[in-house]
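Data block below; observations after.
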Amino acid sequence: MSPQVWEFHLPLSPEELLKSGGVNQYVVQEVLSIRHLPSHLKAFQTAFRVQGPLAVLEHFDTIYSILHHFRSIDPGLKEDTLEFLIKVVSRHSQELPAILDDAALSVSDRSAHLNALKMNCYALIRLLESFETMSSQTGLMNLELGGKGRKSRAKATHGFDWEEERQPILQLLTQLLQLDIRHLWNHSIIEEEFVSLVTGCCYRLLENPTISHQKNRPTREAVTHLLGVALTRYNHMLSATVKIIQMLQHFEHLASILVAAVSLWATDYGMKSIVGEIVREIGQKCPQELSRDPTGAKGFAAFLTELAERIPAILMSSMCILLDHLDGENYVMRNAVLAAMAEMVLQVLSGDQLEVASRDTRDQFLDTLQAHCHDVNSFVRSRVLQLFTRIVQQKALPLTRFQAVVALAVGRLADKSVLVCKSAIQLLASFLANNPFSCKLSDTDLAGPLQKETQKLQEMRAQRRATAPSAELDPTEEWEAMLPELKATLQQLLTLPQEGEGMSEGVAETETPEEVEGRIRQLLAKASYKQAIILTQEAIGHFRESEPFCHVDPEDSEETRFLSLLGAIFKGPAAPTQEENPQAAAGNLGPGETGCKDKPSGSEPEERSDELVKQELLVQYLQDAHSFSLQITKAIGIISKMMYEHTTTVVQEVIEFFVMVFQFGVPQALFGVRRMLPLIWSKEPGVRDAVLNAYRQLYLKPKGDSSRAKAQTLIHNLSLLLVDASVGTIQCLEEIICEFVQKDELSPAVTQVLWEQATEKAPCSPLERCSSVMLLGMMARGKPEIVGSNLDTLVNIGLDEKLPPDYRLAQQVCHAIANISDRRKQPSVGERHPPFRLPQEHRLFERLREMVTKGSVHPDPLWVPFKEAAVGLIYQLAEGPEVICARILQDCAKQALEKLEKSDHQEAPQETPVLPTFLLMNLLSLAGDVALQQLVHLEQAVSGELCRRRVLREEQEHKRKEPKEKNSKSESTLEEEMGLGGATADDTEAELIRGICELELLEGKQTLAAFVPLLLKICNNPGLYSNPELSTAASLTLGKFCMISATFCDSQLRLLFTMLEKSSLPIVRSNLMIATGDLAIRFPNLVDPWTPHLYARLRDPSQHVRKTAALVMTHLILKDMVKVKGQVSEMAVLLIDPAPQIAALAKNFFNELSNKVNAIYNLLPDIISRLSAPEGGVEEEPFHTIMKQLLSYITKDKQTESLVEKLCQRFRTAQTERQYRDLAYCVSQLPLTERGLRKMLDNFDCFGDKLSDESIFSAFLSIVGKLRRGAKPEGKAVIDEFEQKLRACHTRGLDAVEELEVGQGSSQRALSARKQPVATRHRPVASTASDNFVTPKPRRTTYQHPNTQQRASRKKLRIVFSSDESSDEELSAEMTEDETPKKTTPIRRASAHRHRS
């Protein structure tokens, strides 16, 4: 076919080139076989060397055949073809400029070059696409096989790295398109197919997910530039816009790539209009469609967000198109539009030099952002807060909006979404870090200056008003302002003229019209309108021929005449005193003097005005700072409650927030810093690390010029935390300091300064000295040698012979020394060496014995905690501590007897000798501490030492065994193999310790036994021994003595619980609650019958006792040490306790209890029964609060269905309207499903007759509303049926249900027939709570089985709860001998799975 005859048409598919489609259209003549392709390619290459790019006109079939067999041909041939085609197109692009500039180019030559251009480009682009397709497939295959060696496999497949070959091809095509090739076409119009051919390969390259990899960046840039040329030179905008929209919808990886491309086109290529076109297409997308296409919405959102970050100024002109998506359902699009607005505020609309239009746009964007802080979707709310955080961090938020956005952030702290709360905390932290007010934000410090400056401003304003000339105001404006009120007064006087008589002084005979006119003007200026009108009326009659009263038009109405006259008077020339005098004064001055006088009189008011403006700005600044400080203080109270959230990230944000607040000097921040201390025990490593980092920032980086100054600042800051700190706070701080010491984060200078303060080498107060000893003790936990190497020094510091003795310091010295040997660490069985102990003769114990003995005879309240620490230290470190403590007890008792004998000699013979109360209290308290420490010593130290020695002895015996005994299996070796030998030995040792406690410690002539009669006498005679301190000490000591022996405990339990119930001292009841809780763990079988009396303390009138009882019962119940009965409803009542701490304890208890399988589910019926009981229950509103919390733990469908059935059956046994309402409320709070609804339909007869009550009907109707929200189409019929029954019963009673069922269609009857028999056959019928209550027979008898009554009677027990049968007698506090519980049923400590079964 001659080149001059045919024309090459670019095909849509390769197959089109095989068939003729029109006149003179090029058709491939032959598809060559694979074996002929190399030779024909060489012929093409030979022809190219002769003819140049036009050789393709004769050899195109060869290239077509290679493309046709691309998958089957040799990789080397593919590579050679690609390399050759690149050379051809490159040669053609080099020759084309000269050809295009040739004015004498013939039509045939132009046609030949056009065909060659299209053929070469078509062949090169199709070859590029073929390589890309194969590369994608190879990449997927390598991905399945594994990523290792993927690049080498790709090279082996193609013989070269295709990813490196794409960029030169794209650059070649870009170079070609930059030529003025349109002259090759007729009328210089390039056909659309050619542009689509070149750009189509670009889009196909972008669709490959690997294009986003960093190594493919050159390819991305080449594609971008090629498309940019097509946009600028070949009118490709419309096609590009459509293609970009399609790609964003289907390829998630393209958003950032297309953003980079579009921003480059808009800036470097000047194609800003494409941004508007793309945004217009996105804006016209239907929001409803986007809600159904999450992938497309995600792509659009990512594109808009990143585009706003790159070119916000260009995008801003198109923002109005996107506003509809703010009202759409897809939250991702809302987030994108809002993020775009924020970027424009940050990059375009920030600064003080904005024009009015830009400022209005910024305000509109910020208004929109603030409005979406209340968006229905939590992700949008969180995103808006994050955007505001960026705006605040970059200081782009106008100061006028500061307070409003801070208030929004504080309000979002109460959001239900954890993500929103976290973002709100971050925003508040950013506000703090970037606040324009002050580095110290104490509201108390700001209140004083604010009040002072406000008062100064008021004084300046008053002074200005006093000195301001009255002529400055325009009379016309004043007249317009007073006209409405003046007119109303005039109408009133004209209607009732008698009211105005006698209110004016009238016109004097000697007055002139000018003087009367001045009086009228003054009255109007003072707003005395009535007097002015009356005076004017008199003046009209008095001066009928004088100005201005003679100019009255009689044709006007009376009101009009008066108003015009008053207006003329008020707006007329000023009085002589105001105008003539200044003129006269000015007339006495020369022209030069007048100018000199005017300058000071004009400049002085300006200076005053400037000072006033400055003062107003100062007051406004202080007001804003004070308001901001108050908002932060409010936020602290809310955020501190979030400290113990379950979400780790929220807790970390809270901790970081308090660190920042503390650094800004907010006084309330110290509360949060202390509150975070217990989080050091958190099981979450992230939370524990956050606490350590917080204290590291706050305390380990003090300011100071030297290491010593820094150490002093650090010690001072830590000492402030110890002021009024509880025992728990001190333990937490000790753990943190121990961590710092172990990691060597505390410098040696800190230890040195602490020792200097402790030994008084450095000047310090007694409290600072005491805190130094405490900090040394805390550090000793991390490094015991800090105290161990200076033990004698510490003894000299706190236990020396000085008067008066410092028991607080001595107590802290004891705690510090105790950390030499960590008492928290249990004795190890495998240790070779015995535990660290000091001899009895050590000076430490001599000083302790002497201080305790001498202090017992002095009424010092600090002696009691010191004595407790001293006894604990003796038992922890002394060898034979019982000997030392026995001597201390004997010495103290001897001193008491000497006091008694001395008072006996001083008193009269007939009077009974009296012992000081404090002495008796100290003696009993000491005996209780020794008893408890002796028990701990026996069960831990002695038992551990016995076990350690046994293990060492067994090891030695094992080594001495002869080898011949290895094969003999005696009874002992069999026991060892079964693991019984060690267990038997452990039991023997435990029995030995138990025998000592039972038979020796409190019996015979033991030291402790001597105190038992005295102790019992005081406890049994509270009237005789009524001192509160003595009663407290005696009750505590009795509890400690009971811990020793089961026999003694059993004999004194009745006394203990009598004191627990009837003591008038809350501290005694609280202490005994703790003691009985410990006894319940040590002797569970003995305390079990008394369990109801433990529960009874949950309703104690004292808040302190209730809190203690809640803590003790929580511990016992969660440890399975007491039986959980119906009395757990007492814990439920604490959910509404007026004390927030107690309510929080109760909530935490049920949170932990819910982790046990079915625990709350099993207790709910009893709790509901007790709380809704007429006697002993709670009010209706508190009941709702309690049950809403408890029912929130029911999350399993089976539990819900079972509870629905039980609660519906309870309607039959309930006796009061209140119980009906309570049951209905409980049912409405359950998370019902369709199966649960069917259960309700099956038991409809139980509650149908109660629906006439409006509150019960509303509760059941709310269930319908909840079910409709997520109902499936097939379940809506059941919901409709249930609602119809509810409404029928509510309006017409239970009989209406039968009529409704009769009127229902056959399909519903068939459905009911399928579902109803099973439920009806097994429906339990409720039993009566009392004999005189008869359960009514069911009204629906259609499905009644003949044996229903029999089955119902058998199943009555299923719905009778223990709460219905319990009586109040078990809660009686009368502790007579007959009423003492005798039941000693042992508590089985069953495993969890056995308990569940």
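Letters for chains follow the order of the structure tokens (A, B, ...), residue numbers begin at 1 for each chain, and ligand numbers begin at 1 in the order shown.
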
May I have the residues within 8 Å of Ala407 in chain A as a PDB file with N, CA and C atoms, in the first residue's frame, using only C-alpha atoms and disregarding those fewer than 4 positions away in the same chain?
ATOM      1  N   GLN A 403     -11.523  33.248  74.178  1.00  0.00           N
ATOM      2  CA  GLN A 403     -12.374  32.754  75.267  1.00  0.00           C
ATOM      3  C   GLN A 403     -13.439  31.787  74.756  1.00  0.00           C
ATOM      4  N   GLY A 411     -16.067  22.479  77.358  1.00  0.00           N
ATOM      5  CA  GLY A 411     -17.343  21.777  77.220  1.00  0.00           C
ATOM      6  C   GLY A 411     -17.193  20.393  76.626  1.00  0.00           C
ATOM      7  N   GLN A 631     -11.196  29.454  83.278  1.00  0.00           N
ATOM      8  CA  GLN A 631     -11.551  28.333  82.408  1.00  0.00           C
ATOM      9  C   GLN A 631     -10.592  27.163  82.591  1.00  0.00           C
TER      10      GLN A 631
END

Considering only C-alpha atoms, return as a PDB file with N, CA and C atoms, in the first residue's frame whatever protein or nucleic-acid residues lie within 10 Å of Ile282 in chain A, sequence-local ones (same chain, fewer than 4 positions apart) excluded.
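Saved file part20.pdb follows:
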ATOM      1  N   ILE A 245     -11.239  12.508  38.691  1.00  0.00           N
ATOM      2  CA  ILE A 245     -12.371  12.174  39.557  1.00  0.00           C
ATOM      3  C   ILE A 245     -12.574  10.672  39.605  1.00  0.00           C
ATOM      4  N   GLY A 276     -10.397  24.584  40.089  1.00  0.00           N
ATOM      5  CA  GLY A 276     -11.823  24.879  40.168  1.00  0.00           C
ATOM      6  C   GLY A 276     -12.674  23.816  39.506  1.00  0.00           C
ATOM      7  N   GLU A 277     -12.198  23.271  38.361  1.00  0.00           N
ATOM      8  CA  GLU A 277     -12.963  22.234  37.665  1.00  0.00           C
ATOM      9  C   GLU A 277     -13.069  20.964  38.509  1.00  0.00           C
ATOM     10  N   ILE A 278     -11.952  20.549  39.101  1.00  0.00           N
ATOM     11  CA  ILE A 278     -11.983  19.325  39.921  1.00  0.00           C
ATOM     12  C   ILE A 278     -12.855  19.527  41.148  1.00  0.00           C
ATOM     13  N   CYS A 286     -23.394  13.941  44.745  1.00  0.00           N
ATOM     14  CA  CYS A 286     -24.515  13.894  45.690  1.00  0.00           C
ATOM     15  C   CYS A 286     -24.034  13.368  47.039  1.00  0.00           C
ATOM     16  N   PRO A 287     -24.293  14.065  48.148  1.00  0.00           N
ATOM     17  CA  PRO A 287     -23.862  13.562  49.468  1.00  0.00           C
ATOM     18  C   PRO A 287     -24.419  12.187  49.795  1.00  0.00           C
ATOM     19  N   ALA A 297     -15.499   8.550  48.727  1.00  0.00           N
ATOM     20  CA  ALA A 297     -15.497   9.673  49.675  1.00  0.00           C
ATOM     21  C   ALA A 297     -14.145   9.807  50.357  1.00  0.00           C
ATOM     22  N   PHE A 300     -11.756  11.447  47.791  1.00  0.00           N
ATOM     23  CA  PHE A 300     -12.032  12.878  47.644  1.00  0.00           C
ATOM     24  C   PHE A 300     -11.564  13.653  48.876  1.00  0.00           C
ATOM     25  N   ALA A 301     -11.843  13.084  50.051  1.00  0.00           N
ATOM     26  CA  ALA A 301     -11.482  13.776  51.293  1.00  0.00           C
ATOM     27  C   ALA A 301      -9.971  13.936  51.409  1.00  0.00           C
ATOM     28  N   LEU A 304      -8.811  16.638  48.886  1.00  0.00           N
ATOM     29  CA  LEU A 304      -9.113  18.013  49.294  1.00  0.00           C
ATOM     30  C   LEU A 304      -8.235  18.468  50.453  1.00  0.00           C
ATOM     31  N   ILE A 321     -18.330  25.926  46.708  1.00  0.00           N
ATOM     32  CA  ILE A 321     -18.920  24.768  46.028  1.00  0.00           C
ATOM     33  C   ILE A 321     -18.986  23.565  46.963  1.00  0.00           C
ATOM     34  N   LEU A 322     -18.090  23.504  47.936  1.00  0.00           N
ATOM     35  CA  LEU A 322     -17.980  22.322  48.799  1.00  0.00           C
ATOM     36  C   LEU A 322     -18.839  22.411  50.053  1.00  0.00           C
ATOM     37  N   HIS A 325     -21.372  19.685  51.290  1.00  0.00           N
ATOM     38  CA  HIS A 325     -20.921  18.432  51.919  1.00  0.00           C
ATOM     39  C   HIS A 325     -20.846  18.556  53.442  1.00  0.00           C
TER      40      HIS A 325
END

Å distance separating CA of Ile1194 in chain A from CA of Tyr1161 in chain A, one decimal place: 6.9 Å

Given only C-alpha atoms as the counted atoms, nearest of A:Leu919, A:Ala1046, A:Ala1288, A:Cys947 to Ala893 in chain A: A:Leu919

Near-Ser1031 in chain A list (12 Å; only C-alpha atoms; drop same-chain fewer than 6 positions) as a ChimeraX atom specification: /A:917-918,920-922,924-925,1015-1025,1037-1038,1059,1063-1069,1071-1072

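Relative to CA of Cys997 in chain A, CA of Ser1045 in chain A is found at 5.7 Å.
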
Sel. of helix (DSSP H, G or I) residues, range 203-447 of chain A, as an NGL selection string: :A and (203-206 or 209-212 or 214-233 or 237-250 or 252-267 or 273-283 or 287-292 or 294-310 or 312-316 or 319-327 or 331-347 or 356-374 or 378-393 or 399-412 or 418-433 or 443-447)

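The list of residues with at least one atom within 7 Å of Gln167 in chain A, based on only C-alpha atoms and without residues fewer than 3 positions apart in the same chain, reads Glu164, Leu170, Gln171, Pro218, Thr219 and Ala222 of chain A.
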
Near-Glu739 in chain A list (12 Å; only C-alpha atoms; drop same-chain fewer than 2 positions) as a ChimeraX atom specification: /A:680,688-689,691-693,695-696,732-737,741-746,778-783

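Near range 424-426 of chain A, within a cut-off of 8 Å and counting only C-alpha atoms, sit the residues Ser382, Leu385, Gln386, Thr389, Ala409, Val410, Arg412, Leu413, Ile639, Glu653, Val654 and Phe657 of chain A, with same-chain residues fewer than 6 positions away left out.
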
Convert the current residue selection to file output with all heavy atoms, as a short mmCIF file (atom, residue, chain, number, x, y, z; two decimals), in the first residue's frame.
data_model
loop_
_atom_site.label_atom_id
_atom_site.label_comp_id
_atom_site.auth_asym_id
_atom_site.auth_seq_id
_atom_site.Cartn_x
_atom_site.Cartn_y
_atom_site.Cartn_z
N SER A 382 -13.80 15.48 67.09
CA SER A 382 -12.38 15.32 67.42
C SER A 382 -11.50 16.02 66.39
O SER A 382 -10.52 16.69 66.75
CB SER A 382 -12.05 13.82 67.48
OG SER A 382 -10.67 13.62 67.64
N LEU A 385 -11.43 19.81 66.89
CA LEU A 385 -10.58 20.18 68.03
C LEU A 385 -9.10 20.08 67.65
O LEU A 385 -8.28 20.91 68.07
CB LEU A 385 -10.89 19.29 69.23
CG LEU A 385 -12.29 19.49 69.84
CD1 LEU A 385 -12.57 18.42 70.88
CD2 LEU A 385 -12.43 20.86 70.46
N GLN A 386 -8.75 19.08 66.85
CA GLN A 386 -7.36 18.94 66.40
C GLN A 386 -6.98 20.11 65.49
O GLN A 386 -5.85 20.61 65.55
CB GLN A 386 -7.18 17.61 65.67
CG GLN A 386 -7.30 16.39 66.58
CD GLN A 386 -7.39 15.10 65.80
OE1 GLN A 386 -7.22 15.09 64.58
NE2 GLN A 386 -7.67 14.00 66.48
N THR A 389 -6.33 23.03 67.51
CA THR A 389 -5.03 22.88 68.16
C THR A 389 -3.92 23.39 67.26
O THR A 389 -3.01 24.12 67.70
CB THR A 389 -4.78 21.40 68.51
OG1 THR A 389 -5.82 20.94 69.38
CG2 THR A 389 -3.45 21.22 69.20
N ALA A 409 -13.67 23.98 74.20
CA ALA A 409 -12.80 22.86 74.58
C ALA A 409 -13.16 22.32 75.96
O ALA A 409 -13.20 21.10 76.17
CB ALA A 409 -11.34 23.30 74.54
N VAL A 410 -13.44 23.21 76.89
CA VAL A 410 -13.82 22.77 78.24
C VAL A 410 -15.14 22.00 78.18
O VAL A 410 -15.32 20.98 78.85
CB VAL A 410 -13.92 23.98 79.19
CG1 VAL A 410 -14.45 23.55 80.54
CG2 VAL A 410 -12.56 24.64 79.35
N ARG A 412 -16.24 20.22 75.71
CA ARG A 412 -16.04 18.92 75.06
C ARG A 412 -15.38 17.91 75.99
O ARG A 412 -15.32 16.72 75.66
CB ARG A 412 -15.20 19.08 73.81
CG ARG A 412 -15.90 19.71 72.62
CD ARG A 412 -17.08 18.90 72.14
NE ARG A 412 -18.33 19.34 72.73
CZ ARG A 412 -19.42 18.62 72.81
NH1 ARG A 412 -19.44 17.38 72.38
NH2 ARG A 412 -20.51 19.10 73.34
N LEU A 413 -14.88 18.36 77.14
CA LEU A 413 -14.28 17.41 78.08
C LEU A 413 -15.32 16.44 78.61
O LEU A 413 -14.97 15.34 79.08
CB LEU A 413 -13.64 18.16 79.25
CG LEU A 413 -12.38 18.97 78.92
CD1 LEU A 413 -11.95 19.78 80.12
CD2 LEU A 413 -11.25 18.05 78.47
N ILE A 639 -10.79 17.39 84.10
CA ILE A 639 -9.75 16.49 83.58
C ILE A 639 -9.21 15.59 84.68
O ILE A 639 -8.85 14.43 84.42
CB ILE A 639 -8.62 17.33 82.94
CG1 ILE A 639 -9.16 18.06 81.71
CG2 ILE A 639 -7.45 16.45 82.54
CD1 ILE A 639 -8.17 19.00 81.07
N GLU A 653 -2.55 11.68 78.01
CA GLU A 653 -2.83 13.09 77.70
C GLU A 653 -3.13 13.88 78.98
O GLU A 653 -2.70 15.02 79.13
CB GLU A 653 -4.00 13.19 76.73
CG GLU A 653 -3.70 12.72 75.33
CD GLU A 653 -2.67 13.56 74.62
OE1 GLU A 653 -2.50 14.74 75.01
OE2 GLU A 653 -2.02 13.05 73.70
N VAL A 654 -3.88 13.27 79.89
CA VAL A 654 -4.21 13.94 81.16
C VAL A 654 -2.94 14.22 81.95
O VAL A 654 -2.75 15.33 82.49
CB VAL A 654 -5.19 13.06 81.98
CG1 VAL A 654 -5.36 13.63 83.38
CG2 VAL A 654 -6.53 12.96 81.28
N PHE A 657 -1.08 17.04 80.37
CA PHE A 657 -1.77 18.29 80.61
C PHE A 657 -1.43 18.84 81.99
O PHE A 657 -1.13 20.04 82.15
CB PHE A 657 -3.28 18.08 80.48
CG PHE A 657 -4.10 19.28 80.85
CD1 PHE A 657 -4.26 20.34 79.97
CD2 PHE A 657 -4.71 19.38 82.09
CE1 PHE A 657 -5.01 21.45 80.31
CE2 PHE A 657 -5.45 20.48 82.45
CZ PHE A 657 -5.60 21.53 81.55
#

Spatial neighbours of Ile820 in chain A, max dist 7 Å, only C-alpha atoms, sep filter under 2 positions, as an mmCIF file with N, CA, C and O atoms, in the first residue's frame:
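Resulting contents of around.cif:
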data_model
loop_
_atom_site.group_PDB
_atom_site.id
_atom_site.type_symbol
_atom_site.label_atom_id
_atom_site.label_comp_id
_atom_site.auth_asym_id
_atom_site.auth_seq_id
_atom_site.Cartn_x
_atom_site.Cartn_y
_atom_site.Cartn_z
ATOM 1 N N ALA A 780 16.627 4.718 99.989
ATOM 2 C CA ALA A 780 17.228 3.470 100.470
ATOM 3 C C ALA A 780 16.549 2.248 99.880
ATOM 4 O O ALA A 780 17.157 1.169 99.818
ATOM 5 N N PRO A 784 19.973 0.275 99.211
ATOM 6 C CA PRO A 784 19.985 0.165 100.687
ATOM 7 C C PRO A 784 21.257 0.699 101.326
ATOM 8 O O PRO A 784 21.238 1.114 102.487
ATOM 9 N N VAL A 787 21.444 4.129 103.377
ATOM 10 C CA VAL A 787 21.135 4.171 104.807
ATOM 11 C C VAL A 787 21.984 3.167 105.572
ATOM 12 O O VAL A 787 22.438 3.432 106.694
ATOM 13 N N GLY A 788 22.218 1.999 104.973
ATOM 14 C CA GLY A 788 22.944 0.936 105.680
ATOM 15 C C GLY A 788 24.331 1.347 106.099
ATOM 16 O O GLY A 788 24.793 0.985 107.197
ATOM 17 N N ILE A 817 15.297 3.258 108.285
ATOM 18 C CA ILE A 817 16.142 2.099 108.597
ATOM 19 C C ILE A 817 15.481 0.812 108.121
ATOM 20 O O ILE A 817 16.152 -0.132 107.676
ATOM 21 N N ALA A 818 14.150 0.762 108.175
ATOM 22 C CA ALA A 818 13.443 -0.449 107.759
ATOM 23 C C ALA A 818 13.679 -0.763 106.289
ATOM 24 O O ALA A 818 13.569 -1.924 105.873
ATOM 25 N N ASP A 822 14.046 -4.943 102.658
ATOM 26 C CA ASP A 822 12.735 -4.654 102.074
ATOM 27 C C ASP A 822 11.704 -5.611 102.653
ATOM 28 O O ASP A 822 11.716 -6.821 102.392
#

Interatomic distance (Å, one decimal) between CA of Pro834 in chain A and CA of Gly944 in chain A: 10.0 Å

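Remark: for Ala103 in chain A, the closest of the candidate residues A:His183, A:Gln51, A:Leu1203, A:Phe70 is A:His183 (distances computed over only C-alpha atoms).
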
For Glu558 in chain A, the nearest of the candidates A:Gln347, A:Gln537, A:Ser136, A:Gln25, counting only C-alpha atoms: A:Gln537

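In this comparison, which uses only C-alpha atoms, the residue of A:Met1073, A:Cys421, A:Cys201, A:Val337 approaching Glu129 in chain A most closely is A:Cys201.
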